[in-house]
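Pasting structure04.cif here (mmCIF, C-alpha atoms (C1' of nucleotides)):
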```cif
data_input
#
loop_
_atom_site.label_atom_id
_atom_site.label_comp_id
_atom_site.auth_asym_id
_atom_site.auth_seq_id
_atom_site.Cartn_x
_atom_site.Cartn_y
_atom_site.Cartn_z
CA MET A 7 -44.58 36.11 27.15
CA HIS A 8 -45.20 32.55 28.11
CA SER A 9 -45.82 30.64 24.91
CA PHE A 10 -44.89 27.24 26.25
CA ASN A 11 -47.52 25.10 27.83
CA PHE A 12 -48.25 21.46 28.59
CA THR A 13 -51.75 20.11 28.93
CA LEU A 14 -52.30 16.66 30.37
CA LEU A 15 -55.31 15.28 28.52
CA LYS A 16 -55.59 11.80 29.88
CA LYS A 17 -53.97 9.30 32.19
CA ASP A 18 -54.08 5.58 31.54
CA ALA A 19 -55.87 3.60 34.22
CA LEU A 20 -53.52 0.63 34.34
CA THR A 21 -50.15 2.14 33.55
CA GLN A 22 -48.37 5.46 33.88
CA ALA A 23 -49.09 6.26 30.23
CA ARG A 24 -50.25 9.80 29.57
CA LEU A 25 -51.80 11.65 26.69
CA GLY A 26 -50.93 15.29 26.43
CA GLU A 27 -50.34 18.31 24.31
CA ILE A 28 -47.45 20.73 24.30
CA SER A 29 -47.96 24.24 22.98
CA THR A 30 -44.93 26.06 21.69
CA ARG A 31 -44.45 29.28 19.82
CA ARG A 32 -44.19 27.17 16.68
CA GLY A 33 -47.24 25.05 17.17
CA LYS A 34 -48.58 22.13 19.13
CA ILE A 35 -47.04 18.77 19.78
CA GLU A 36 -49.10 15.73 20.68
CA THR A 37 -47.58 13.49 23.32
CA PRO A 38 -46.34 10.83 23.67
CA ILE A 39 -44.11 11.88 20.81
CA PHE A 40 -41.04 10.60 19.05
CA MET A 41 -38.66 13.31 17.85
CA PRO A 42 -36.44 12.47 14.86
CA VAL A 43 -32.83 13.49 15.35
CA GLY A 44 -31.43 16.11 12.99
CA THR A 45 -28.08 16.81 14.58
CA LEU A 46 -26.56 18.95 11.85
CA GLY A 47 -29.67 20.79 10.76
CA THR A 48 -31.04 17.88 8.75
CA VAL A 49 -32.68 14.61 9.53
CA LYS A 50 -30.28 12.64 7.39
CA GLY A 51 -31.80 11.60 4.10
CA VAL A 52 -35.21 13.20 4.52
CA LEU A 53 -36.71 16.35 3.01
CA PRO A 54 -38.40 18.58 5.62
CA GLU A 55 -41.54 18.35 3.53
CA THR A 56 -41.38 14.59 3.78
CA LEU A 57 -40.91 14.81 7.54
CA LEU A 58 -44.22 16.64 7.66
CA ASP A 59 -45.87 13.98 5.54
CA LEU A 60 -44.52 11.34 7.88
CA GLY A 61 -46.11 13.14 10.79
CA ALA A 62 -43.03 14.54 12.50
CA GLN A 63 -44.09 17.32 14.85
CA ILE A 64 -40.76 18.28 16.32
CA ILE A 65 -37.16 17.42 15.54
CA LEU A 66 -33.80 17.74 17.26
CA GLY A 67 -30.77 19.83 16.48
CA ASN A 68 -27.42 19.79 18.23
CA THR A 69 -25.61 22.64 19.94
CA TYR A 70 -22.10 21.27 19.78
CA HIS A 71 -22.25 20.22 16.15
CA LEU A 72 -23.92 23.35 14.79
CA TYR A 73 -21.63 25.56 16.85
CA LEU A 74 -18.59 23.91 15.26
CA ARG A 75 -20.04 23.91 11.79
CA PRO A 76 -21.36 26.12 10.30
CA GLY A 77 -21.44 28.20 13.50
CA HIS A 78 -24.39 29.48 15.51
CA GLU A 79 -23.69 33.12 14.61
CA LEU A 80 -23.82 32.25 10.93
CA ILE A 81 -27.13 30.48 11.43
CA ARG A 82 -28.52 33.39 13.43
CA ASN A 83 -27.42 35.82 10.71
CA LEU A 84 -29.15 33.70 8.11
CA GLY A 85 -32.43 33.80 9.94
CA GLY A 86 -32.13 31.03 12.51
CA LEU A 87 -32.08 27.27 12.25
CA HIS A 88 -35.71 26.95 11.22
CA HIS A 89 -35.28 29.21 8.24
CA PHE A 90 -31.83 27.84 7.48
CA MET A 91 -33.09 24.29 7.16
CA ASN A 92 -36.63 25.06 6.02
CA TRP A 93 -38.44 23.55 8.99
CA ASP A 94 -41.01 25.77 10.65
CA ARG A 95 -42.23 23.37 13.32
CA PRO A 96 -40.70 23.12 16.77
CA ILE A 97 -37.04 22.27 17.22
CA LEU A 98 -35.51 20.95 20.40
CA THR A 99 -31.79 21.36 20.72
CA ASP A 100 -29.56 19.16 22.77
CA SER A 101 -27.10 21.15 24.82
CA GLY A 102 -23.93 19.30 23.97
CA GLY A 103 -24.25 17.24 27.12
CA PHE A 104 -24.28 14.04 25.13
CA GLN A 105 -21.03 15.02 23.43
CA VAL A 106 -19.45 15.27 26.87
CA PHE A 107 -20.15 11.56 26.94
CA SER A 108 -19.59 10.51 23.33
CA LEU A 109 -16.43 12.56 22.78
CA ASN A 110 -14.95 11.35 26.04
CA LYS A 111 -11.46 11.09 24.60
CA LEU A 112 -11.58 14.62 23.24
CA ARG A 113 -12.83 16.52 26.25
CA LYS A 114 -11.96 17.54 29.75
CA ILE A 115 -14.58 18.35 32.35
CA GLY A 116 -14.13 21.19 34.82
CA GLU A 117 -16.46 23.02 37.14
CA GLU A 118 -16.73 25.90 34.74
CA GLY A 119 -17.62 23.75 31.77
CA VAL A 120 -16.22 21.26 29.29
CA HIS A 121 -13.17 21.76 27.18
CA PHE A 122 -13.46 20.04 23.82
CA GLN A 123 -11.06 19.32 21.09
CA SER A 124 -13.05 19.54 17.89
CA HIS A 125 -13.49 16.16 16.23
CA LEU A 126 -13.35 18.01 12.91
CA ASP A 127 -10.00 19.76 13.09
CA GLY A 128 -8.68 19.32 16.61
CA SER A 129 -9.19 22.96 17.55
CA SER A 130 -9.96 23.87 21.15
CA HIS A 131 -13.39 24.91 22.39
CA THR A 132 -15.07 25.34 25.71
CA LEU A 133 -18.72 24.73 26.32
CA THR A 134 -20.18 26.18 29.50
CA PRO A 135 -23.81 26.21 30.58
CA GLU A 136 -24.01 29.90 29.69
CA PHE A 137 -22.45 29.40 26.28
CA SER A 138 -24.56 26.36 25.48
CA ILE A 139 -27.73 28.33 26.24
CA ALA A 140 -26.48 31.27 24.17
CA ILE A 141 -25.82 28.99 21.22
CA GLN A 142 -29.23 27.37 21.49
CA GLU A 143 -30.88 30.78 21.64
CA ALA A 144 -28.90 31.93 18.63
CA LEU A 145 -30.08 28.87 16.73
CA GLY A 146 -33.65 29.80 17.53
CA SER A 147 -34.43 26.58 19.35
CA ASP A 148 -37.93 26.19 20.78
CA ILE A 149 -36.96 23.79 23.53
CA ILE A 150 -33.55 24.40 25.02
CA MET A 151 -31.86 21.73 27.08
CA ALA A 152 -29.81 22.57 30.14
CA PHE A 153 -26.13 21.81 29.78
CA ASP A 154 -25.34 18.56 31.56
CA GLU A 155 -23.00 15.64 31.59
CA CYS A 156 -24.34 12.38 30.27
CA ILE A 157 -22.60 10.12 32.78
CA PRO A 158 -21.02 6.97 31.36
CA TYR A 159 -22.21 3.57 32.48
CA PRO A 160 -20.86 1.92 34.45
CA SER A 161 -19.46 4.58 36.76
CA SER A 162 -18.69 4.44 40.46
CA ARG A 163 -21.27 5.82 42.83
CA GLU A 164 -18.69 8.36 43.89
CA TYR A 165 -18.26 9.65 40.35
CA VAL A 166 -21.98 9.62 39.59
CA LEU A 167 -22.62 11.68 42.71
CA GLU A 168 -19.93 14.19 41.80
CA ALA A 169 -21.06 14.47 38.17
CA THR A 170 -24.73 14.67 39.03
CA GLU A 171 -24.19 17.46 41.54
CA ARG A 172 -22.10 19.31 39.00
CA SER A 173 -24.84 18.89 36.39
CA THR A 174 -27.28 20.31 38.93
CA ARG A 175 -25.09 23.37 39.38
CA TRP A 176 -24.86 23.65 35.62
CA ALA A 177 -28.66 23.38 35.46
CA GLN A 178 -28.94 26.37 37.79
CA ARG A 179 -26.48 28.29 35.65
CA SER A 180 -28.39 27.28 32.53
CA ARG A 181 -31.56 28.54 34.16
CA ASP A 182 -29.88 31.81 35.07
CA ALA A 183 -28.54 32.27 31.55
CA TRP A 184 -31.82 31.45 29.88
CA GLN A 185 -33.73 34.47 28.66
CA GLU A 186 -37.33 33.52 29.12
CA GLU A 187 -38.66 36.52 27.26
CA ARG A 188 -37.16 35.16 24.06
CA GLY A 189 -39.91 32.59 23.98
CA ALA A 190 -38.03 29.32 24.09
CA ALA A 191 -38.67 26.78 26.82
CA LEU A 192 -35.90 25.39 29.00
CA PHE A 193 -35.77 21.79 30.17
CA GLY A 194 -33.73 20.42 33.04
CA ILE A 195 -32.08 17.00 32.84
CA VAL A 196 -32.14 14.45 35.65
CA GLN A 197 -28.96 12.42 36.07
CA GLY A 198 -27.94 10.12 38.90
CA GLY A 199 -26.78 7.11 36.94
CA MET A 200 -28.38 3.85 38.03
CA PHE A 201 -28.68 4.93 41.67
CA GLU A 202 -32.24 5.63 42.74
CA ASP A 203 -31.35 7.91 45.63
CA LEU A 204 -29.15 10.01 43.37
CA ARG A 205 -31.90 10.14 40.77
CA ARG A 206 -34.29 11.34 43.44
CA LYS A 207 -31.83 13.95 44.68
CA SER A 208 -31.23 15.15 41.14
CA SER A 209 -34.97 15.46 40.49
CA ASP A 210 -35.62 17.29 43.73
CA ASP A 211 -32.85 19.77 43.05
CA LEU A 212 -34.02 20.40 39.50
CA LEU A 213 -37.59 20.89 40.67
CA ASP A 214 -36.34 23.48 43.11
CA ILE A 215 -34.69 25.36 40.28
CA GLY A 216 -37.81 25.01 38.18
CA PHE A 217 -38.06 24.19 34.48
CA GLU A 218 -40.73 24.09 31.80
CA GLY A 219 -40.10 20.44 31.29
CA TYR A 220 -37.90 17.70 32.67
CA ALA A 221 -35.76 15.12 30.99
CA VAL A 222 -34.37 11.85 32.24
CA GLY A 223 -30.88 11.59 30.86
CA GLY A 224 -28.09 9.07 31.14
CA LEU A 225 -30.07 6.09 29.88
CA SER A 226 -29.47 3.46 27.22
CA LEU A 227 -25.73 3.61 27.62
CA GLY A 228 -25.17 -0.12 27.59
CA GLU A 229 -26.89 -1.03 30.84
CA GLU A 230 -29.15 -4.06 31.08
CA ILE A 231 -32.46 -3.28 29.45
CA ASN A 232 -34.42 -4.11 32.57
CA LEU A 233 -32.23 -1.84 34.62
CA MET A 234 -33.03 0.95 32.21
CA TYR A 235 -36.73 0.23 32.53
CA ASP A 236 -36.39 0.19 36.31
CA ILE A 237 -34.67 3.56 36.31
CA MET A 238 -37.37 4.99 34.05
CA GLU A 239 -40.04 3.53 36.27
CA PHE A 240 -38.47 5.06 39.32
CA SER A 241 -37.48 8.41 37.84
CA LEU A 242 -40.45 9.48 35.76
CA PRO A 243 -43.07 9.61 38.55
CA LEU A 244 -40.74 11.88 40.53
CA LEU A 245 -41.34 14.57 37.95
CA PRO A 246 -44.28 16.97 38.08
CA GLU A 247 -47.42 15.69 36.44
CA ASP A 248 -48.14 18.99 34.75
CA ARG A 249 -44.85 19.20 32.89
CA PRO A 250 -43.64 17.18 29.91
CA ARG A 251 -41.23 14.36 30.67
CA TYR A 252 -38.57 13.65 28.14
CA VAL A 253 -36.64 10.38 28.09
CA MET A 254 -33.46 11.29 26.28
CA GLY A 255 -31.89 9.07 23.66
CA VAL A 256 -34.46 6.29 23.90
CA GLY A 257 -34.83 4.04 22.04
CA THR A 258 -35.94 0.88 20.32
CA PRO A 259 -39.64 0.47 19.48
CA GLU A 260 -39.95 -1.71 22.58
CA ASP A 261 -38.27 1.00 24.67
CA LEU A 262 -40.81 3.54 23.46
CA VAL A 263 -43.74 1.37 24.44
CA GLU A 264 -42.15 0.63 27.81
CA GLY A 265 -41.19 4.26 28.25
CA VAL A 266 -44.74 5.44 27.65
CA ALA A 267 -46.01 2.80 30.07
CA ARG A 268 -43.75 4.32 32.72
CA GLY A 269 -44.86 7.88 32.12
CA GLY A 270 -42.60 9.21 29.37
CA ASP A 271 -43.99 11.87 27.02
CA MET A 272 -41.11 12.64 24.71
CA PHE A 273 -38.45 10.44 23.16
CA ASP A 274 -35.67 10.86 20.67
CA CYS A 275 -33.18 8.44 19.21
CA VAL A 276 -30.88 8.10 16.23
CA MET A 277 -31.89 4.48 15.91
CA PRO A 278 -34.50 4.71 13.14
CA THR A 279 -32.32 6.94 10.99
CA ARG A 280 -28.90 5.43 11.67
CA ASN A 281 -30.09 1.85 11.49
CA ALA A 282 -31.82 2.67 8.23
CA ARG A 283 -28.52 3.75 6.75
CA ASN A 284 -26.99 0.55 8.07
CA GLY A 285 -29.62 -1.65 6.47
CA VAL A 286 -31.91 -2.41 9.39
CA LEU A 287 -35.63 -1.89 8.97
CA PHE A 288 -38.17 -1.85 11.79
CA THR A 289 -41.38 -3.71 11.11
CA THR A 290 -44.54 -4.78 12.85
CA PHE A 291 -42.97 -8.21 13.17
CA GLY A 292 -39.59 -7.13 14.44
CA LYS A 293 -36.55 -5.73 12.76
CA ILE A 294 -35.07 -7.12 9.60
CA SER A 295 -31.63 -6.71 8.13
CA ILE A 296 -32.39 -5.90 4.52
CA LYS A 297 -28.88 -6.85 3.41
CA GLN A 298 -29.39 -10.49 4.23
CA ASN A 299 -29.10 -12.96 1.42
CA ARG A 300 -32.54 -14.37 2.22
CA TYR A 301 -34.18 -11.23 0.78
CA ARG A 302 -32.35 -11.45 -2.53
CA GLU A 303 -35.43 -12.46 -4.48
CA ASP A 304 -38.11 -11.51 -1.97
CA PRO A 305 -40.91 -9.62 -3.72
CA ALA A 306 -42.66 -8.68 -0.45
CA PRO A 307 -42.54 -5.15 0.97
CA PRO A 308 -40.40 -4.63 4.09
CA ASP A 309 -43.46 -4.68 6.33
CA PRO A 310 -46.68 -6.20 4.92
CA GLU A 311 -48.71 -4.20 7.44
CA CYS A 312 -47.06 -0.88 6.69
CA SER A 313 -48.71 1.73 4.53
CA CYS A 314 -45.70 3.96 3.92
CA TYR A 315 -44.52 5.03 0.49
CA VAL A 316 -41.68 2.54 0.54
CA CYS A 317 -43.82 -0.42 1.51
CA ARG A 318 -46.43 0.50 -1.08
CA HIS A 319 -43.92 0.62 -3.93
CA TYR A 320 -40.83 -1.43 -3.24
CA SER A 321 -39.81 -5.01 -2.59
CA ARG A 322 -37.26 -6.27 -0.11
CA ALA A 323 -35.30 -7.53 -3.10
CA TYR A 324 -35.09 -4.00 -4.52
CA LEU A 325 -34.14 -2.43 -1.20
CA ARG A 326 -31.50 -5.11 -0.73
CA HIS A 327 -30.16 -4.39 -4.17
CA LEU A 328 -29.96 -0.66 -3.46
CA PHE A 329 -28.21 -1.28 -0.17
CA GLN A 330 -25.74 -3.75 -1.62
CA SER A 331 -25.00 -1.30 -4.41
CA LYS A 332 -24.45 1.46 -1.88
CA GLU A 333 -26.96 3.63 -3.67
CA ILE A 334 -27.96 6.88 -1.96
CA LEU A 335 -31.60 5.96 -2.42
CA ALA A 336 -31.10 3.00 -0.09
CA SER A 337 -30.55 5.41 2.81
CA VAL A 338 -33.42 7.60 1.71
CA LEU A 339 -35.97 4.81 1.39
CA ASN A 340 -34.84 2.92 4.49
CA THR A 341 -34.95 6.09 6.57
CA HIS A 342 -38.34 6.96 5.20
CA HIS A 343 -39.73 3.61 6.21
CA ASN A 344 -38.15 3.58 9.66
CA LEU A 345 -39.34 7.06 10.52
CA HIS A 346 -42.78 6.15 9.30
CA TYR A 347 -42.67 3.11 11.55
CA TYR A 348 -41.60 5.11 14.60
CA LEU A 349 -43.96 8.00 14.07
CA ASN A 350 -46.84 5.68 13.30
CA LEU A 351 -46.08 3.63 16.39
CA MET A 352 -46.42 6.78 18.50
CA ARG A 353 -49.61 7.71 16.70
CA GLU A 354 -51.05 4.32 17.57
CA ILE A 355 -49.86 4.65 21.15
CA ARG A 356 -51.58 8.04 21.50
CA GLU A 357 -54.77 6.68 20.02
CA ALA A 358 -54.67 3.70 22.35
CA VAL A 359 -54.21 5.89 25.41
CA ARG A 360 -56.98 8.16 24.19
CA GLN A 361 -59.32 5.19 23.98
CA GLY A 362 -58.15 3.78 27.27
CA LYS A 363 -56.73 0.72 25.52
CA PHE A 364 -53.02 1.16 26.02
CA SER A 365 -52.47 -2.15 27.80
CA GLU A 366 -54.34 -3.93 25.07
CA PHE A 367 -52.25 -2.18 22.48
CA LYS A 368 -49.06 -3.10 24.28
CA ALA A 369 -50.00 -6.77 24.48
CA ASN A 370 -50.83 -6.79 20.80
CA PHE A 371 -47.58 -5.02 19.97
CA TYR A 372 -45.58 -7.81 21.57
CA ARG A 373 -47.80 -10.54 20.17
CA LYS A 374 -47.06 -9.43 16.62
CA LYS A 375 -43.38 -9.04 17.30
CA SER A 376 -43.07 -12.65 18.35
CA LYS A 377 -44.79 -13.99 15.26
"C1'" G B 25 10.28 -16.71 -36.29
"C1'" G B 26 13.05 -13.33 -32.50
"C1'" A B 27 13.20 -10.53 -27.60
"C1'" G B 28 10.95 -9.73 -23.08
"C1'" G B 29 7.03 -10.08 -19.24
"C1'" G B 30 3.49 -13.04 -16.77
"C1'" G B 31 0.05 -17.25 -14.84
"C1'" U B 32 -1.18 -17.04 -6.53
"C1'" U B 33 -6.98 -19.01 -2.63
"C1'" C B 34 -14.37 -15.71 -5.96
"C1'" C B 35 -11.77 -10.94 -8.22
"C1'" C B 36 -7.48 -7.58 -7.98
"C1'" G B 37 -2.88 -8.20 -5.91
"C1'" A B 38 1.70 -9.06 -2.33
"C1'" G B 39 4.88 -13.00 -1.48
"C1'" U B 40 11.02 -15.41 -4.54
"C1'" G B 41 13.55 -21.88 0.26
"C1'" G B 42 11.18 -22.79 6.44
"C1'" C B 43 8.11 -17.46 10.61
"C1'" C B 44 2.66 -19.35 4.39
"C1'" A B 45 -3.60 -21.83 4.36
"C1'" A B 46 -0.42 -17.61 2.00
"C1'" A B 47 -0.08 -9.63 3.28
"C1'" G B 48 -3.48 -5.95 1.60
"C1'" G B 49 -7.84 -4.40 -0.99
"C1'" G B 50 -12.53 -5.70 -3.19
"C1'" A B 51 -16.67 -8.85 -3.40
"C1'" G B 52 -19.57 -12.13 -0.38
"C1'" C B 53 -21.70 -13.66 4.41
"C1'" A B 54 -23.04 -12.59 9.51
"C1'" G B 55 -23.44 -9.16 13.55
"C1'" A B 56 -23.57 -4.42 16.20
"C1'" C B 57 -25.77 0.37 16.35
"C1'" U B 58 -30.39 4.00 21.79
"C1'" G B 59 -29.80 13.06 23.74
"C1'" U B 60 -25.37 10.98 15.61
"C1'" A B 61 -17.04 11.89 15.52
"C1'" A B 62 -21.54 6.77 12.00
"C1'" A B 63 -23.95 6.06 4.14
"C1'" U B 64 -20.04 3.72 10.44
"C1'" C B 65 -17.82 -0.28 12.99
"C1'" U B 66 -16.80 -5.62 14.17
"C1'" G B 67 -16.31 -10.77 12.91
"C1'" C B 68 -15.97 -14.73 9.22
"C1'" C B 69 -14.12 -15.57 4.53
"C1'" G B 70 -9.76 -23.57 1.25
"C1'" U B 71 -12.22 -28.34 3.48
"C1'" C B 72 -13.66 -31.16 7.94
"C1'" G B 73 -13.32 -29.97 12.71
"C1'" A B 74 -12.42 -28.80 19.83
"C1'" A B 75 -7.37 -29.38 19.37
"C1'" G B 76 -5.84 -30.95 15.02
"C1'" A B 77 -5.83 -33.08 10.31
"C1'" C B 78 -6.16 -32.74 5.14
"C1'" U B 79 -6.04 -30.46 0.00
"C1'" U B 80 -4.00 -25.59 -2.39
"C1'" C B 81 -0.27 -20.95 -5.52
"C1'" G B 82 -1.20 -23.01 -14.58
"C1'" G B 83 0.27 -28.78 -15.51
"C1'" A B 84 3.78 -32.89 -14.96
"C1'" G B 85 8.29 -34.31 -13.07
"C1'" G B 86 12.79 -33.18 -10.14
"C1'" U B 87 16.35 -30.91 -6.30
"C1'" U B 88 15.92 -30.35 -0.85
"C1'" C B 89 15.15 -32.32 5.88
"C1'" G B 90 11.64 -28.59 3.85
"C1'" A B 91 9.06 -25.61 -2.40
"C1'" A B 92 4.04 -20.65 -4.11
"C1'" U B 93 9.33 -19.60 -4.04
"C1'" C B 94 15.07 -23.42 -7.13
"C1'" C B 95 15.68 -26.85 -11.83
"C1'" U B 96 13.54 -29.48 -16.41
"C1'" C B 97 9.73 -30.11 -19.86
"C1'" C B 98 4.77 -28.81 -21.29
"C1'" C B 99 0.21 -25.55 -21.62
"C1'" C B 100 -1.79 -20.64 -21.68
"C1'" C B 101 -1.74 -15.04 -21.67
"C1'" C B 102 0.50 -10.08 -22.70
"C1'" U B 103 4.10 -6.48 -25.01
"C1'" C B 104 7.71 -5.27 -28.68
"C1'" C B 105 10.52 -6.61 -33.17
"C1'" A B 106 10.17 -9.37 -37.90
#
```

What's the structure tokens form of this structure?
Amino acid sequence: MHSFNFTLLKKDALTQARLGEISTRRGKIETPIFMPVGTLGTVKGVLPETLLDLGAQIILGNTYHLYLRPGHELIRNLGGLHHFMNWDRPILTDSGGFQVFSLNKLRKIGEEGVHFQSHLDGSSHTLTPEFSIAIQEALGSDIIMAFDECIPYPSSREYVLEATERSTRWAQRSRDAWQEERGAALFGIVQGGMFEDLRRKSSDDLLDIGFEGYAVGGLSLGEEINLMYDIMEFSLPLLPEDRPRYVMGVGTPEDLVEGVARGGDMFDCVMPTRNARNGVLFTTFGKISIKQNRYREDPAPPDPECSCYVCRHYSRAYLRHLFQSKEILASVLNTHHNLHYYLNLMREIREAVRQGKFSEFKANFYRKKSK
RNA sequence: GGAGGGGUUCCCGAGUGGCCAAAGGGAGCAGACUGUAAAUCUGCCGUCGAAGACUUCGGAGGUUCGAAUCCUCCCCCCUCCA
């Protein structure tokens, strides 16, 4: 039962940009795609129905967080994550590998797996590749990520080598634990820090194991932006052309455009949703901080070129007022706009690649930003 | 009329001789945020400025080397009794 498939529809002539389509048991996904992050079984502040309206085709869930609360068994017993949260499109679950990084003070890495102290109540837990896969399968994830370690930056070459090789062993164990017949796809994650040879080694080893798709992990961790672009540029072409390539945790609108130009198909990031809650809106002309005093009496919509619900109905002055007043609707409206911006950006990117005008689109994208 | 309490930097509120341009909170302003420990966090927040200087704690005097802090008078607010 092989319900997962990737079809490469078009390759850009001047860049590495690709147009493709992923088939999953829960429907198709057009690539390049941006996947909103819904860590705890909700994209914060957005109704699933609204996500559909915004054009979201796939969202993320998180193994570590859902395991801790409410528990993967509970979710399985209640019909799986899709039913639980009322989202019937594809869900990709992160394996907990990012929490190895972000909860660095609360965890201990061993060969077997990672020991965590829950950030909720301090209780002890151990995540292994096998357990991470089991949790993701219990959740009913459509795209399961191998359990890895997102390696901090900067790290010594020695440590990156050690961690990358361990992640490769974990990838093999994830592959062994994965039950293909259940219908979910499994992606491997390339590590290797900022070292090209280690990235290459990691890719080669993962290709030997064999996955339905490949991710480039360990990016946007504070490194120079151009270094990140260089690593993407080096790492993405190492991956098979006939499999989706997922750039994990990236990024800003600029990062998405640059990522697509370097061959990325899938992206996810908390930026549009988190920044929305923190008062930052992404627009055609760059980002704006809606809490700034300059918008106090500004009757203009956040982005004059945006057609989203928020921009059609509300002024910057109103959004500033809601934010300053700490109203819940501020988060809702800001998130709505930002997700619209991100998803629309990807829509435009796909259309540009389809028409063979990606470079033109990219130039125009930057021209407007600098206005 | 009598008894008591109090007036502190935008607001609330600590401070009762030097370590005070004055705790803390709020508001305000600015910034950060990239596989979500995040509706979070950081910085600024009397004036000019690099250091430093200058003006502040209801008002006016006074004591003291030194006062938001002690004394005198005045103004205002609150509570209780008549």

Could you list, as a short mmCIF file (atom, residue, chain, number, x, y, z; two decimals) with C-alpha atoms (C1' of nucleotides), in the frame of the given file, the residues of chain B having an atom within 9 Å of chain A when counting only C-alpha atoms (C1' of nucleotides)?
```cif
data_model
loop_
_atom_site.label_atom_id
_atom_site.label_comp_id
_atom_site.auth_asym_id
_atom_site.auth_seq_id
_atom_site.Cartn_x
_atom_site.Cartn_y
_atom_site.Cartn_z
"C1'" C B 53 -21.70 -13.66 4.41
"C1'" A B 54 -23.04 -12.59 9.51
"C1'" C B 57 -25.77 0.37 16.35
"C1'" U B 58 -30.39 4.00 21.79
"C1'" G B 59 -29.80 13.06 23.74
"C1'" U B 60 -25.37 10.98 15.61
"C1'" A B 61 -17.04 11.89 15.52
"C1'" A B 62 -21.54 6.77 12.00
"C1'" A B 63 -23.95 6.06 4.14
"C1'" U B 64 -20.04 3.72 10.44
#
```

> What gap, in Å, lies between CA of Arg360 in chain A and CA of Leu58 in chain A?
Replying inline: 22.5 Å

> If we count all atoms listed in the file, what is near Pro76 in chain A at a cut-off of 12 Å, once residues fewer than 3 positions away on the same chain are taken out, given as a ChimeraX atom specification?
Replying inline: /A:46-47,68-73,79-84,87,90,126,145

Around all the atoms of range 76-85 of chain A listed in the file, with 4 Å of room on each side, what axis-aligned box do you get, giving centre and edge lengths in Å to one decimal, as lines of an AutoDock Vina configuration file?
```
center_x = -26.9
center_y = 31.0
center_z = 11.8
size_x = 19.1
size_y = 17.7
size_z = 15.4
```

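For range 84-93 of chain B, the set of protein, DNA and RNA residues having any atom at most 12 Å away, when counting all atoms listed in the file and skipping those fewer than 3 positions along the same chain, is G31, U32, U33, A38, G39, U40, G41, G42, C44, A45, A46, U80, C81, U96, C97, C98 and C99 of chain B.
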
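All polymer residues at most 10 Å from (9.0, -6.4, -30.2), using all atoms listed in the file, appear as G26, A27, G28, U103, C104, C105 and A106 of chain B.
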
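Each of A:Cys314, A:Val266, A:Ile355, A:Ala191 was checked against Glu239 in chain A using only C-alpha atoms; the smallest atom-to-atom distance is that of A:Val266.
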
> Can you list, as a ChimeraX atom specification, every protein, DNA or RNA residue that comes within 9 Å of Arg206 in chain A when you count all atoms listed in the file, leaving out same-chain residues fewer than 5 positions away?
Replying inline: /A:196,198,201,211,240-241,244

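With CA of Gly85 in chain A on one side and CA of Ala144 in chain A on the other, the separation reads 9.6 Å.
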
> Written as a ChimeraX atom specification, what is the full residue list that the PyMOL selection byres ((chain A and resi 36) around 6) yields on the file shown?
Replying inline: /A:27,35,37

Since fewer atoms than expected are present, regenerate N, CA, C and O atoms for range 29-36 of chain A and write them as an mmCIF file, keeping the file's coordinate frame.
```cif
data_model
loop_
_atom_site.group_PDB
_atom_site.id
_atom_site.type_symbol
_atom_site.label_atom_id
_atom_site.label_comp_id
_atom_site.auth_asym_id
_atom_site.auth_seq_id
_atom_site.Cartn_x
_atom_site.Cartn_y
_atom_site.Cartn_z
ATOM 1 N N SER A 29 -47.825 23.078 23.860
ATOM 2 C CA SER A 29 -47.960 24.240 22.980
ATOM 3 C C SER A 29 -46.632 24.977 22.978
ATOM 4 O O SER A 29 -46.046 25.202 24.031
ATOM 5 N N THR A 30 -46.167 25.270 21.792
ATOM 6 C CA THR A 30 -44.930 26.060 21.690
ATOM 7 C C THR A 30 -45.219 27.231 20.772
ATOM 8 O O THR A 30 -46.293 27.305 20.161
ATOM 9 N N ARG A 31 -44.266 28.122 20.698
ATOM 10 C CA ARG A 31 -44.450 29.280 19.820
ATOM 11 C C ARG A 31 -44.521 28.865 18.352
ATOM 12 O O ARG A 31 -44.894 29.657 17.497
ATOM 13 N N ARG A 32 -44.116 27.630 18.071
ATOM 14 C CA ARG A 32 -44.190 27.170 16.680
ATOM 15 C C ARG A 32 -45.198 26.041 16.503
ATOM 16 O O ARG A 32 -45.072 25.208 15.620
ATOM 17 N N GLY A 33 -46.184 26.022 17.353
ATOM 18 C CA GLY A 33 -47.240 25.050 17.170
ATOM 19 C C GLY A 33 -47.314 23.983 18.248
ATOM 20 O O GLY A 33 -46.481 23.944 19.149
ATOM 21 N N LYS A 34 -48.317 23.151 18.102
ATOM 22 C CA LYS A 34 -48.580 22.130 19.130
ATOM 23 C C LYS A 34 -47.884 20.814 18.818
ATOM 24 O O LYS A 34 -47.598 20.494 17.671
ATOM 25 N N ILE A 35 -47.650 20.082 19.885
ATOM 26 C CA ILE A 35 -47.040 18.770 19.780
ATOM 27 C C ILE A 35 -47.881 17.807 20.602
ATOM 28 O O ILE A 35 -48.144 18.055 21.777
ATOM 29 N N GLU A 36 -48.327 16.731 19.949
ATOM 30 C CA GLU A 36 -49.100 15.730 20.680
ATOM 31 C C GLU A 36 -48.141 14.782 21.378
ATOM 32 O O GLU A 36 -47.163 14.339 20.775
#
```
